[in-house]
Amino acid sequence: MYRAVEALLQEAGMSDGAVGQVQEQLRSREVKGLQEPTWERCGRPKNQWVELGGNTAACARYRYPDDYLLLGEVLSFYLARLLGVGHVPPVVLSEPSTPRWAPVTSKMALAGWGDAPVVVLTPWIEGLVRDHMPSILLDIILKNSTLSILEEAATTTTTEASPQPSENPHKLYKVARVTEQKSQAGGGSGEQAKGSRREVRGSQALKQASERDLARLLQWSDLLVFDYLTGNYDRVAYMQDAADKERRPQILTTTIHNLVRSEKTDAIWLLDNESGLMDAYTLLYGAADSAQSSRFSAFHTRMLESLCVFRRSTMEAVLGLAHQPQPHTLLVEFAKTHEPLFGKLPDPLSNELFVKHFPQRLGQVRDWMT
């Protein structure tokens with residue numbers, strides 16, 4: 001069954017070679033026109049829909065002077081490549097001052113683009129529709145449970161006194177381990193940090209699920225791992241925030257922000273990752289608003305701890321990256337190697353929150369998995 005499901009997740013268009021080809025097209029093709037964005041096409045006002053040569057198109061993301069958001073988009077994409085999380089749209093940086101942008105100089109001015117050194121380009125992908133959280137996962141979230149392949153139901157308690165995973169790897173000590181590390185680092189609050197009971201359930205539902213449903217669930221597993229590592233507050237956490245503020249859990253049944261599904265391949269695409277790693281870490285670990293930090297930390301922990309089902313390839317990638325002595329440096333060097341204009345952005349290694357908390361969050365995901 002696993003091999004059949006995994007086969008459904010393989011897509012030749014997201015191989016390293018195919019992604020590299022898309023990036024080369026984004027970097028080299030003539031810019032033929034700009035059009036104003038909509039919320040269904042390229043997003044907020046200063047973004048632009050870009051017509052490129054070869055009957056292709058892209059979204060241009062303009063964020064100057066907040067170029068740390070561009071940095072978040074770029075680093076999030078290259079983290080996805082390291083993890084093998086395929087459906088994060090390819091990203092390149094482009095200089096609007098270069099000759100290939102000359103045909104749209106007047107339109108750039110109308111769009112309010114100033115003297116920004118770079119913009120982010122991502123390919124425009126046809127046939128994408130908004131998508132919902134899988135019902136099996138939604139049920140788990142609303143019941144504050146954990147979805148597992150265990151044969152019988154079990155209950156885990158989040159307490160700092162719980163045994164470590166290494167003492168008995170066959171017992172469910174993951175919740176305790178994640179919470180303990182987070183507590184030592186000074187992050188997280190609320191019931192999750194104090195100690196809460198989560199029932200482990202779902203083996204029957206998993207056995208009865210179709211291969212298509214299991215493939216979708218595994219894509220969501222990748223999504224939750226990816227968003228936990230980046231701290232992205234503009235996808236599932238955005239929905240959790242709204243549901244919490246309005247006291248309306250049913251908000252989670254609606255289409256998820258910045259998540260779409262391909263009508264052709266059934267793949268889910270994780271759009272708009274600019275909040276990841278930079279701005280998100282400021283929200284989670286900065287001193288500006290401790291209440292907001294605690295809330296969003298709890299949102300991410302709740303989602304990560306909702307699943308004990310992972311793709312083997314994703315788990316191996318997480319374990320390998322966590323084994324590195326400086327995974328944050330490895331990520332930055334990987335991005336530098338593949339993005340020629342990376343030096344036009346702020347230096348992420350001068351960001352103390354990223355340097356400290358990316359390895360920490362990576363370790364928390366590793367411990368939850370193991």
# chains A, B, ... in the order shown; residues from 1 in each chain; ligands from 1

$ residues_around --residues "A:Arg29" --least-positions-apart "5" --cutoff "8 Å" --atoms "only C-alpha atoms" --output "PyMOL selection string"
chain A and resi 52-54+100

$ write_last_selection --atoms "all heavy atoms" --output "tab-separated table (two decimals), in the first residue's frame"
chain	number	residue	atom	x	y	z
A	52	LEU	N	5.62	36.56	-19.87
A	52	LEU	CA	6.98	36.25	-20.32
A	52	LEU	C	6.95	35.68	-21.73
A	52	LEU	O	5.90	35.23	-22.22
A	52	LEU	CB	7.65	35.24	-19.38
A	52	LEU	CG	7.83	35.67	-17.93
A	52	LEU	CD1	8.33	34.48	-17.10
A	52	LEU	CD2	8.79	36.84	-17.81
A	53	GLY	N	8.10	35.68	-22.39
A	53	GLY	CA	8.20	35.05	-23.69
A	53	GLY	C	7.95	33.56	-23.59
A	53	GLY	O	8.03	32.96	-22.53
A	54	GLY	N	7.63	32.96	-24.75
A	54	GLY	CA	7.37	31.53	-24.77
A	54	GLY	C	6.02	31.16	-24.22
A	54	GLY	O	5.82	30.02	-23.76
A	100	ARG	N	16.05	43.37	-19.73
A	100	ARG	CA	14.88	42.57	-20.11
A	100	ARG	C	13.58	43.12	-19.53
A	100	ARG	O	12.50	42.79	-20.01
A	100	ARG	CB	15.07	41.10	-19.73
A	100	ARG	CG	14.87	40.73	-18.28
A	100	ARG	CD	14.89	39.21	-18.14
A	100	ARG	NE	14.66	38.77	-16.78
A	100	ARG	CZ	13.84	37.78	-16.44
A	100	ARG	NH1	13.17	37.15	-17.37
A	100	ARG	NH2	13.72	37.43	-15.18

$ closest_atom_pairs --of "stretch 14-93 of chain A" --to "stretch 257-280 of chain A" --cutoff "12 Å" --atoms "only C-alpha atoms" --output "tab-separated table"
residue	atom	partner	partner_atom	distance
A:Met14	CA	A:Ala267	CA	10.9
A:Trp39	CA	A:Asn258	CA	10.6
A:Glu40	CA	A:Asn258	CA	10.5
A:Arg41	CA	A:Leu271	CA	11.5
A:Cys42	CA	A:Asp272	CA	9.3
A:Gly43	CA	A:Asp272	CA	9.0
A:Arg44	CA	A:Asp272	CA	10.8
A:Asn47	CA	A:Asp272	CA	11.7
A:Cys59	CA	A:Asp272	CA	10.7
A:Ala60	CA	A:Asp272	CA	11.5
A:Arg61	CA	A:Glu274	CA	9.5
A:Tyr62	CA	A:Glu274	CA	11.1
A:Arg63	CA	A:Glu274	CA	9.8
A:Asp66	CA	A:Asp279	CA	9.9
A:Asp67	CA	A:Glu274	CA	9.7
A:Tyr68	CA	A:Met278	CA	6.5
A:Leu69	CA	A:Glu274	CA	4.9
A:Leu70	CA	A:Glu274	CA	6.0
A:Leu71	CA	A:Glu274	CA	7.3
A:Gly72	CA	A:Glu274	CA	4.7
A:Glu73	CA	A:Glu274	CA	4.0
A:Val74	CA	A:Glu274	CA	7.7
A:Leu75	CA	A:Leu277	CA	7.5
A:Ser76	CA	A:Gly276	CA	6.1
A:Phe77	CA	A:Asn273	CA	7.8
A:Tyr78	CA	A:Asn273	CA	11.2
A:Leu79	CA	A:Leu277	CA	10.0
A:Ala80	CA	A:Leu270	CA	10.1
A:Val85	CA	A:Leu270	CA	9.6
A:Gly86	CA	A:Trp269	CA	8.5
A:His87	CA	A:Trp269	CA	4.9
A:Val88	CA	A:Leu270	CA	5.2
A:Pro89	CA	A:Leu271	CA	6.9
A:Pro90	CA	A:Leu271	CA	10.3
A:Val91	CA	A:Asn273	CA	10.4

$ atom_distance --atom1 "atom CA of A:Asp241" --atom2 "atom CA of A:Glu36"
29.5 Å

$ atom_distance --atom1 "atom CA of A:Ala58" --atom2 "atom CA of A:Asp347"
25.9 Å

$ closest_residue --among "A:Cys308, A:Val332, A:Ala237, A:Leu362" --to "A:Pro346" --atoms "only C-alpha atoms"
A:Val332
